[in-house]
$ cat target.txt   # compact mmCIF, C-alpha atoms
# COMPACT_ATOMS: atom_id res chain seq x y z
CA MET A 1 137.85 69.76 138.54
CA ALA A 2 141.43 70.42 139.59
CA ILE A 3 141.94 71.55 143.19
CA ARG A 4 143.86 74.84 143.45
CA LYS A 5 146.55 75.38 146.05
CA PHE A 6 145.78 77.66 148.97
CA LYS A 7 147.50 81.08 148.93
CA PRO A 8 147.40 83.77 151.61
CA SER A 9 145.83 87.08 150.58
CA SER A 10 144.82 90.27 152.32
CA PRO A 11 141.99 91.03 152.53
CA ASP A 12 140.99 87.39 152.25
CA LYS A 13 137.81 87.15 150.19
CA SER A 14 137.24 83.57 151.33
CA LEU A 15 136.78 84.53 154.96
CA GLY A 16 133.70 85.97 156.54
CA LYS A 17 131.14 84.73 154.04
CA ILE A 18 129.90 81.93 156.26
CA LYS A 19 129.73 81.87 160.03
CA GLY A 20 132.73 79.97 161.37
CA ASP A 21 135.02 80.79 158.43
CA ILE A 22 137.69 82.20 160.74
CA GLU A 23 137.68 79.24 163.15
CA LEU A 24 140.73 76.99 163.09
CA ALA A 25 140.35 73.57 161.47
CA ARG A 26 141.79 70.46 163.12
CA PHE A 27 143.85 67.85 161.28
CA GLY A 28 140.94 65.43 161.56
CA HIS A 29 138.74 67.74 159.51
CA ILE A 30 141.32 68.12 156.75
CA ASN A 31 142.15 64.42 156.74
CA ARG A 32 138.46 63.62 156.32
CA LEU A 33 138.62 65.67 153.11
CA VAL A 34 141.79 63.81 152.07
CA ASP A 35 140.04 60.47 152.65
CA ASP A 36 137.07 61.56 150.54
CA VAL A 37 139.36 62.65 147.69
CA GLU A 38 141.34 59.40 147.90
CA THR A 39 138.26 57.18 147.83
CA GLY A 40 136.60 59.16 145.08
CA LYS A 41 133.71 60.26 147.25
CA ALA A 42 134.60 63.90 146.78
CA ASN A 43 133.69 63.64 143.10
CA GLN A 44 130.61 61.49 143.58
CA GLU A 45 127.35 63.33 143.64
CA ILE A 46 124.68 61.88 145.88
CA HIS A 47 121.12 62.27 144.70
CA THR A 48 118.47 61.65 147.30
CA LEU A 49 115.33 60.34 145.63
CA ASN A 50 112.01 61.42 147.05
CA TYR A 51 110.33 58.02 146.86
CA PRO A 52 110.97 54.63 148.47
CA PHE A 53 113.03 51.96 146.75
CA VAL A 54 111.15 50.73 143.70
CA ASN A 55 114.05 49.16 141.79
CA TYR A 56 114.54 51.76 139.07
CA PRO A 57 115.50 55.45 139.39
CA GLU A 58 113.57 58.02 137.42
CA SER A 59 115.24 60.81 135.43
CA THR A 60 117.92 62.58 137.43
CA LEU A 61 120.12 65.52 136.41
CA PHE A 62 123.87 65.25 136.96
CA ASN A 63 126.42 67.94 136.25
CA ALA A 64 129.65 66.13 137.02
CA GLY A 65 130.88 66.41 133.43
CA PRO A 66 133.65 68.61 132.05
CA LEU A 67 133.64 72.37 132.50
CA TYR A 68 134.85 74.57 129.65
CA GLN A 69 135.66 78.21 130.24
CA TYR A 70 135.90 80.74 127.41
CA PRO A 71 137.38 84.23 127.96
CA SER A 72 135.27 87.26 127.16
CA GLY A 73 135.65 88.54 123.64
CA GLN A 74 133.99 89.54 120.45
CA GLY A 75 131.50 87.34 118.68
CA MET A 76 128.66 88.74 116.63
CA GLY A 77 128.72 91.38 119.36
CA PRO A 78 130.57 91.79 122.64
CA ILE A 79 130.27 88.66 124.74
CA SER A 80 131.18 87.97 128.31
CA ALA A 81 133.20 85.05 129.58
CA VAL A 82 131.30 81.82 129.07
CA THR A 83 131.33 78.77 131.28
CA LEU A 84 130.16 75.73 129.38
CA ASN A 85 129.05 72.98 131.70
CA SER A 86 128.22 69.41 130.80
CA TYR A 87 124.99 67.96 132.15
CA LYS A 88 123.57 64.47 132.03
CA VAL A 89 120.05 63.19 132.42
CA ARG A 90 120.11 59.57 133.50
CA GLY A 91 117.47 57.09 134.52
CA ILE A 92 115.88 53.73 133.88
CA LEU A 93 112.52 53.42 132.19
CA GLN A 94 110.27 50.42 132.61
CA TYR A 95 108.56 50.31 129.26
CA SER A 96 105.27 48.50 128.84
CA GLY A 97 103.19 49.45 125.85
CA ASN A 98 102.72 48.93 122.15
CA SER A 99 105.28 49.25 119.34
CA VAL A 100 105.34 53.06 119.37
CA ILE A 101 107.45 54.55 122.17
CA SER A 102 107.03 58.18 123.16
CA GLU A 103 108.12 58.53 126.77
CA TYR A 104 108.36 61.81 128.69
CA LEU A 105 111.54 61.92 130.79
CA GLY A 106 111.10 65.36 132.35
CA THR A 107 111.51 69.01 131.40
CA ILE A 108 114.86 70.78 131.18
CA LYS A 109 114.70 74.38 132.39
CA LEU A 110 117.46 76.86 131.55
CA ILE A 111 117.67 80.31 133.11
CA PRO A 112 120.54 82.54 131.89
CA THR A 113 122.88 83.80 134.59
CA ASP A 114 124.46 86.40 132.33
CA GLU A 115 122.55 89.17 130.57
CA LEU A 116 125.41 89.87 128.18
CA PHE A 117 125.63 86.26 127.06
CA GLY A 118 122.05 86.62 125.88
CA ALA A 119 120.49 83.73 124.07
CA LEU A 120 120.84 80.35 125.63
CA ILE A 121 122.63 77.80 123.55
CA LEU A 122 122.43 74.06 123.96
CA PHE A 123 125.49 72.19 122.80
CA PRO A 124 125.31 68.56 121.71
CA GLY A 125 126.74 65.81 123.87
CA LYS A 126 125.90 62.16 123.48
CA ILE A 127 123.21 59.59 124.07
CA THR A 128 124.01 56.21 125.49
CA GLY A 129 121.97 53.56 127.18
CA MET A 130 120.84 49.98 126.97
CA VAL A 131 117.65 48.06 126.38
CA ALA A 132 117.15 44.85 128.33
CA ALA A 133 114.47 42.30 127.52
CA THR A 134 113.67 38.75 128.57
CA GLU A 135 111.55 36.16 126.86
CA ASP A 136 108.07 36.43 128.39
CA GLY A 137 109.10 39.83 129.74
CA ASN A 138 109.43 38.61 133.31
CA PHE A 139 112.45 40.30 134.86
CA TYR A 140 111.87 38.53 138.16
CA ASP A 141 112.35 35.01 136.75
CA THR A 142 116.05 34.44 137.35
CA THR A 143 116.11 31.33 135.12
CA LEU A 144 115.50 33.39 131.96
CA ASP A 145 118.25 34.76 129.74
CA VAL A 146 118.41 38.54 129.33
CA THR A 147 119.01 40.16 125.93
CA ILE A 148 120.82 43.49 126.21
CA THR A 149 121.16 45.78 123.20
CA PRO A 150 122.43 49.37 122.86
CA LEU A 151 119.84 52.13 123.04
CA ALA A 152 119.99 52.75 119.28
CA ASP A 153 118.44 51.46 116.09
CA GLY A 154 118.51 47.68 116.36
CA ALA A 155 117.61 47.53 120.07
CA GLN A 156 115.19 44.77 120.96
CA MET A 157 112.13 44.70 123.16
CA TRP A 158 109.99 41.66 123.85
CA ASP A 159 106.51 41.38 122.35
CA ILE A 160 104.67 39.46 125.03
CA ASP A 161 101.52 38.71 123.02
CA ALA A 162 103.37 37.39 119.94
CA ALA A 163 106.25 35.93 121.99
CA VAL A 164 108.91 37.39 119.68
CA TYR A 165 111.43 40.21 119.81
CA ASN A 166 110.49 43.47 118.09
CA THR A 167 113.45 45.51 116.83
CA LEU A 168 113.42 49.25 117.52
CA TYR A 169 114.17 51.94 114.94
CA GLY A 170 114.00 55.73 114.89
CA VAL A 171 115.57 55.86 118.37
CA LYS A 172 116.11 59.45 119.44
CA VAL A 173 115.73 61.93 122.26
CA MET A 174 113.64 64.97 121.35
CA LEU A 175 113.80 68.34 123.08
CA TYR A 176 110.36 69.79 122.47
CA SER A 177 110.43 73.57 123.02
CA TYR A 178 107.81 75.20 125.24
CA GLY A 179 108.08 78.33 123.09
CA PRO A 180 109.97 81.65 123.19
CA ALA A 181 112.11 82.57 126.19
CA ASP A 182 110.47 84.47 129.05
CA PRO A 183 111.01 88.17 128.18
CA VAL A 184 111.98 89.02 131.77
CA THR A 185 113.96 86.06 133.08
CA GLY A 186 115.06 84.53 129.78
CA GLU A 187 113.83 81.15 131.02
CA ILE A 188 113.32 78.46 128.42
CA ASN A 189 111.99 74.93 128.81
CA TYR A 190 112.29 71.76 126.78
CA ALA A 191 110.27 68.58 127.27
CA LEU A 192 112.64 65.64 127.01
CA VAL A 193 110.97 62.77 125.13
CA LEU A 194 112.46 59.39 124.20
CA GLU A 195 111.06 58.21 120.88
CA ALA A 196 111.34 54.92 118.96
CA TYR A 197 109.16 52.50 117.01
CA GLY A 198 109.12 48.74 116.53
CA SER A 199 109.91 47.34 113.09
CA VAL A 200 106.69 45.36 113.42
CA PRO A 201 103.69 47.68 113.89
CA THR A 202 101.49 46.08 116.46
CA GLY A 203 99.24 46.90 119.35
CA ASP A 204 100.65 43.93 121.22
CA LEU A 205 101.98 44.46 124.69
CA ALA A 206 105.75 44.83 124.55
CA THR A 207 108.16 45.35 127.38
CA SER A 208 111.76 46.24 128.11
CA LEU A 209 113.92 48.00 130.63
CA ILE A 210 115.55 51.04 129.04
CA SER A 211 118.46 52.84 130.67
CA TYR A 212 119.31 56.22 129.15
CA ASP A 213 122.16 58.66 129.61
CA PHE A 214 121.57 61.87 127.70
CA GLU A 215 124.38 64.41 127.84
CA PHE A 216 124.28 68.03 126.73
CA ALA A 217 126.19 71.21 127.48
CA ALA A 218 124.83 74.66 128.33
CA GLY A 219 126.57 78.00 128.77
CA ASN A 220 126.06 80.55 131.54
CA ALA A 221 122.77 79.16 132.75
CA ASN A 222 121.14 77.56 135.75
CA VAL A 223 119.91 74.21 134.57
CA THR A 224 117.30 72.10 136.33
CA LEU A 225 115.21 69.07 135.50
CA TRP A 226 111.58 69.16 136.62
CA TRP A 227 108.43 67.15 136.13
CA ASP A 228 105.70 69.16 134.44
CA MET B 1 95.72 45.57 130.16
CA THR B 2 96.50 47.62 133.24
CA GLN B 3 96.64 44.49 135.38
CA GLU B 4 98.97 42.86 132.88
CA ILE B 5 101.37 45.80 132.91
CA LYS B 6 101.37 45.94 136.68
CA SER B 7 102.24 42.28 136.93
CA LEU B 8 105.34 42.81 134.76
CA PHE B 9 106.83 45.38 137.11
CA PRO B 10 105.14 44.79 140.44
CA ASN B 11 107.36 47.23 142.27
CA SER B 12 106.76 50.10 139.87
CA PRO B 13 105.41 53.36 141.20
CA ALA B 14 102.20 54.54 139.57
CA PRO B 15 102.86 56.70 136.49
CA LYS B 16 103.10 60.34 137.47
CA PRO B 17 100.51 62.64 135.92
CA VAL B 18 101.74 65.23 133.42
CA SER B 19 100.54 68.74 132.69
CA GLU B 20 98.15 69.54 129.88
CA LYS B 21 101.03 71.11 127.94
CA VAL B 22 103.19 68.00 128.19
CA GLN B 23 100.21 65.80 127.27
CA VAL B 24 99.75 67.82 124.05
CA ILE B 25 103.47 67.41 123.29
CA LEU B 26 103.25 63.66 123.92
CA ASP B 27 100.14 63.26 121.73
CA GLU B 28 101.89 65.06 118.86
CA SER B 29 105.06 63.02 119.46
CA LYS B 30 103.09 59.76 119.37
CA SER B 31 101.42 60.73 116.07
CA LYS B 32 104.79 61.68 114.58
CA VAL B 33 106.41 58.38 115.62
CA GLU B 34 103.43 56.41 114.28
CA ALA B 35 103.89 58.19 110.93
CA GLU B 36 107.62 57.40 110.95
CA GLN B 37 106.82 53.76 111.66
CA ALA B 38 104.29 53.66 108.80
CA LYS B 39 106.87 55.16 106.41
CA PHE B 40 109.51 52.67 107.60
CA ILE B 41 107.15 49.75 106.92
CA ALA B 42 106.12 51.17 103.52
CA ASP B 43 109.77 51.67 102.48
CA LYS B 44 110.66 48.16 103.63
CA ASN B 45 107.83 46.62 101.64
CA SER B 46 108.38 48.63 98.45

$ encode --input "target.txt" --output "structure tokens"
Amino acid sequence: MAIRKFKPSSPDKSLGKIKGDIELARFGHINRLVDDVETGKANQEIHTLNYPFVNYPESTLFNAGPLYQYPSGQGMGPISAVTLNSYKVRGILQYSGNSVISEYLGTIKLIPTDELFGALILFPGKITGMVAATEDGNFYDTTLDVTITPLADGAQMWDIDAAVYNTLYGVKVMLYSYGPADPVTGEINYALVLEAYGSVPTGDLATSLISYDFEFAAGNANVTLWWD
Amino acid sequence: MTQEIKSLFPNSPAPKPVSEKVQVILDESKSKVEAEQAKFIADKNS
């Protein structure tokens, strides 16, 4: 997001909201901000995970994507200004199972922040990711080659029992609705589920590491990801 | 089977439990994907 220049105003709405607002800053404080902008840290969100290091991060919600702002106007009825924010759910899944994948990634909760905007609307974004597999499925054997395919039809996971690759089809992310919006808060929830199936139907044990990056946009809403 | 899975990813955290509602969604999802797989195989073999 672009940084706006500072302009004096009276009364100054920016002052007095937080204790210390009217205290003078020193050059060191401002230069720390400059350093963070220069090194990119100012735009880098830090997500503190609530579990010890276990190699792979679970689903995490990011909202560092583009921000679109619509003016208020007339749609099917009067509508207020709309801020459309891009969100991403990212993580790495350690898949071990049979040839039918149906993996819960978390639940997206949307609560409208604007009564006039009314119904919540999800806008499409994109899905990217990769599937990594090694022969014999052992990711800790550094002598083995790693096969990496896009998270899409044609991705390959390793069938450990048959010692062959099994190609994935029907790759998609489903947003399963919890039902109608809460009549008071307008809250809606969607279970996020990654689905795919192997081209060879088998109960064999298959394995792969799947990274996913699911992007969507939502207008005038507080968006959170939670584990239900 | 559980031992086998654990040995593949020894550093994995235990799977987190899900609510009854999510479990119902996952059961239905699994059935749907199994049906899609069966149709895919049938189409391929026809």

$ axis_aligned_box --input "target.txt" --around "range 32-40 of chain A" --padding-each-side "5 Å" --output "JSON"
{"center_x": 139.2, "center_y": 61.4, "center_z": 150.7, "size_x": 15.2, "size_y": 18.5, "size_z": 21.2}

$ closest_residue --input "target.txt" --among "A:Lys19, A:Lys109, A:Arg4, A:Lys172" --to "chain B" --atoms "only C-alpha atoms"
A:Lys172

$ atom_distance --input "target.txt" --atom1 "CA of Ile210 in chain A" --atom2 "CA of Gln94 in chain A"
6.4 Å

$ residues_around --input "target.txt" --residues "Asp27 in chain B" --least-positions-apart "6" --cutoff "12 Å" --atoms "only C-alpha atoms" --output "list in words"
Val100, Ile101, Ser102, Glu103, Tyr104 and Val193 of chain A; Val18, Glu20, Lys21, Val33 and Glu34 of chain B

$ residues_around --input "target.txt" --residues "Asp161 in chain A" --least-positions-apart "5" --cutoff "8 Å" --atoms "all atoms listed in the file" --output "ChimeraX atom specification"
/A:204-206

$ closest_atom_pairs --input "target.txt" --of "chain A" --to "chain B" --cutoff "10 Å" --atoms "all atoms listed in the file" --output "Markdown table"
| residue | atom | partner | partner_atom | distance |
| --- | --- | --- | --- | --- |
| A:Tyr51 | CA | B:Pro13 | CA | 8.8 |
| A:Pro52 | CA | B:Pro13 | CA | 9.2 |
| A:Phe53 | CA | B:Asn11 | CA | 8.6 |
| A:Val54 | CA | B:Asn11 | CA | 5.4 |
| A:Asn55 | CA | B:Asn11 | CA | 7.0 |
| A:Tyr56 | CA | B:Ser12 | CA | 8.0 |
| A:Gln94 | CA | B:Phe9 | CA | 7.6 |
| A:Tyr95 | CA | B:Ile5 | CA | 9.2 |
| A:Ser96 | CA | B:Ile5 | CA | 6.3 |
| A:Gly97 | CA | B:Ile5 | CA | 8.2 |
| A:Ser99 | CA | B:Glu34 | CA | 9.0 |
| A:Val100 | CA | B:Glu34 | CA | 6.4 |
| A:Ile101 | CA | B:Lys30 | CA | 7.3 |
| A:Ser102 | CA | B:Lys30 | CA | 5.7 |
| A:Glu103 | CA | B:Leu26 | CA | 7.6 |
| A:Tyr104 | CA | B:Leu26 | CA | 7.2 |
| A:Gly106 | CA | B:Val22 | CA | 9.3 |
| A:Thr107 | CA | B:Val22 | CA | 9.0 |
| A:Asp136 | CA | B:Leu8 | CA | 9.4 |
| A:Gly137 | CA | B:Leu8 | CA | 6.9 |
| A:Asn138 | CA | B:Leu8 | CA | 6.0 |
| A:Phe139 | CA | B:Leu8 | CA | 7.5 |
| A:Tyr140 | CA | B:Leu8 | CA | 8.5 |
| A:Leu168 | CA | B:Gln37 | CA | 9.9 |
| A:Tyr169 | CA | B:Gln37 | CA | 8.3 |
| A:Gly170 | CA | B:Glu36 | CA | 7.7 |
| A:Val171 | CA | B:Val33 | CA | 9.9 |
| A:Met174 | CA | B:Ser29 | CA | 9.0 |
| A:Tyr176 | CA | B:Ile25 | CA | 7.3 |
| A:Ser177 | CA | B:Ile25 | CA | 9.3 |
| A:Tyr178 | CA | B:Lys21 | CA | 8.4 |
| A:Tyr190 | CA | B:Val22 | CA | 9.9 |
| A:Ala191 | CA | B:Val22 | CA | 7.2 |
| A:Leu192 | CA | B:Val22 | CA | 9.8 |
| A:Val193 | CA | B:Leu26 | CA | 7.9 |
| A:Leu194 | CA | B:Ser29 | CA | 9.5 |
| A:Glu195 | CA | B:Val33 | CA | 7.0 |
| A:Ala196 | CA | B:Val33 | CA | 6.9 |
| A:Tyr197 | CA | B:Gln37 | CA | 6.0 |
| A:Gly198 | CA | B:Gln37 | CA | 7.4 |
| A:Ser199 | CA | B:Ile41 | CA | 7.2 |
| A:Val200 | CA | B:Ile41 | CA | 7.9 |
| A:Pro201 | CA | B:Gln37 | CA | 7.2 |
| A:Leu205 | CA | B:Ile5 | CA | 8.4 |
| A:Ala206 | CA | B:Ile5 | CA | 9.5 |
| A:Thr207 | CA | B:Leu8 | CA | 8.3 |
| A:Ser208 | CA | B:Leu8 | CA | 9.9 |
| A:Leu209 | CA | B:Phe9 | CA | 10.0 |
| A:Trp227 | CA | B:Val18 | CA | 7.5 |
| A:Asp228 | CA | B:Ser19 | CA | 5.5 |

$ atom_distance --input "target.txt" --atom1 "CA of Val82 in chain A" --atom2 "CA of Gly186 in chain A"
16.5 Å

$ atom_distance --input "target.txt" --atom1 "CA of Ala81 in chain A" --atom2 "CA of Phe62 in chain A"
23.1 Å

$ build_atoms --input "target.txt" --residues "range 14-40 of chain B" --atoms "N, CA and C atoms" --output "tab-separated table (two decimals), keeping the file's coordinate frame"
chain	number	residue	atom	x	y	z
B	14	ALA	N	103.24	54.18	140.54
B	14	ALA	CA	102.20	54.54	139.57
B	14	ALA	C	102.74	55.64	138.67
B	15	PRO	N	102.38	55.63	137.38
B	15	PRO	CA	102.86	56.70	136.49
B	15	PRO	C	102.46	58.07	137.03
B	16	LYS	N	103.41	59.00	136.97
B	16	LYS	CA	103.10	60.34	137.47
B	16	LYS	C	102.29	61.10	136.44
B	17	PRO	N	101.29	61.85	136.88
B	17	PRO	CA	100.51	62.64	135.92
B	17	PRO	C	101.38	63.73	135.30
B	18	VAL	N	101.01	64.14	134.08
B	18	VAL	CA	101.74	65.23	133.42
B	18	VAL	C	100.78	66.39	133.16
B	19	SER	N	101.35	67.56	132.94
B	19	SER	CA	100.54	68.74	132.69
B	19	SER	C	99.84	68.64	131.34
B	20	GLU	N	98.88	69.51	131.15
B	20	GLU	CA	98.15	69.54	129.88
B	20	GLU	C	99.12	69.83	128.73
B	21	LYS	N	100.06	70.74	128.98
B	21	LYS	CA	101.03	71.11	127.94
B	21	LYS	C	101.88	69.92	127.51
B	22	VAL	N	102.37	69.17	128.51
B	22	VAL	CA	103.19	68.00	128.19
B	22	VAL	C	102.35	66.94	127.49
B	23	GLN	N	101.08	66.80	127.90
B	23	GLN	CA	100.21	65.80	127.27
B	23	GLN	C	100.02	66.12	125.79
B	24	VAL	N	99.88	67.41	125.46
B	24	VAL	CA	99.75	67.82	124.05
B	24	VAL	C	101.02	67.46	123.29
B	25	ILE	N	102.18	67.74	123.91
B	25	ILE	CA	103.47	67.41	123.29
B	25	ILE	C	103.57	65.90	123.04
B	26	LEU	N	103.15	65.11	124.04
B	26	LEU	CA	103.25	63.66	123.92
B	26	LEU	C	102.30	63.12	122.85
B	27	ASP	N	101.10	63.70	122.76
B	27	ASP	CA	100.14	63.26	121.73
B	27	ASP	C	100.71	63.52	120.34
B	28	GLU	N	101.30	64.72	120.17
B	28	GLU	CA	101.89	65.06	118.86
B	28	GLU	C	103.10	64.16	118.57
B	29	SER	N	103.90	63.89	119.61
B	29	SER	CA	105.06	63.02	119.46
B	29	SER	C	104.63	61.63	119.02
B	30	LYS	N	103.59	61.11	119.67
B	30	LYS	CA	103.09	59.76	119.37
B	30	LYS	C	102.64	59.68	117.90
B	31	SER	N	101.90	60.70	117.47
B	31	SER	CA	101.42	60.73	116.07
B	31	SER	C	102.60	60.76	115.10
B	32	LYS	N	103.61	61.56	115.45
B	32	LYS	CA	104.79	61.68	114.58
B	32	LYS	C	105.53	60.34	114.48
B	33	VAL	N	105.70	59.66	115.62
B	33	VAL	CA	106.41	58.38	115.62
B	33	VAL	C	105.61	57.32	114.86
B	34	GLU	N	104.29	57.35	115.02
B	34	GLU	CA	103.43	56.41	114.28
B	34	GLU	C	103.61	56.62	112.77
B	35	ALA	N	103.70	57.89	112.36
B	35	ALA	CA	103.89	58.19	110.93
B	35	ALA	C	105.26	57.70	110.46
B	36	GLU	N	106.27	57.87	111.30
B	36	GLU	CA	107.62	57.40	110.95
B	36	GLU	C	107.62	55.88	110.81
B	37	GLN	N	106.89	55.23	111.71
B	37	GLN	CA	106.82	53.76	111.66
B	37	GLN	C	106.12	53.31	110.36
B	38	ALA	N	105.03	54.01	110.02
B	38	ALA	CA	104.29	53.66	108.80
B	38	ALA	C	105.18	53.84	107.57
B	39	LYS	N	105.97	54.92	107.54
B	39	LYS	CA	106.87	55.16	106.41
B	39	LYS	C	107.95	54.08	106.35
B	40	PHE	N	108.48	53.71	107.52
B	40	PHE	CA	109.51	52.67	107.60
B	40	PHE	C	108.97	51.35	107.01
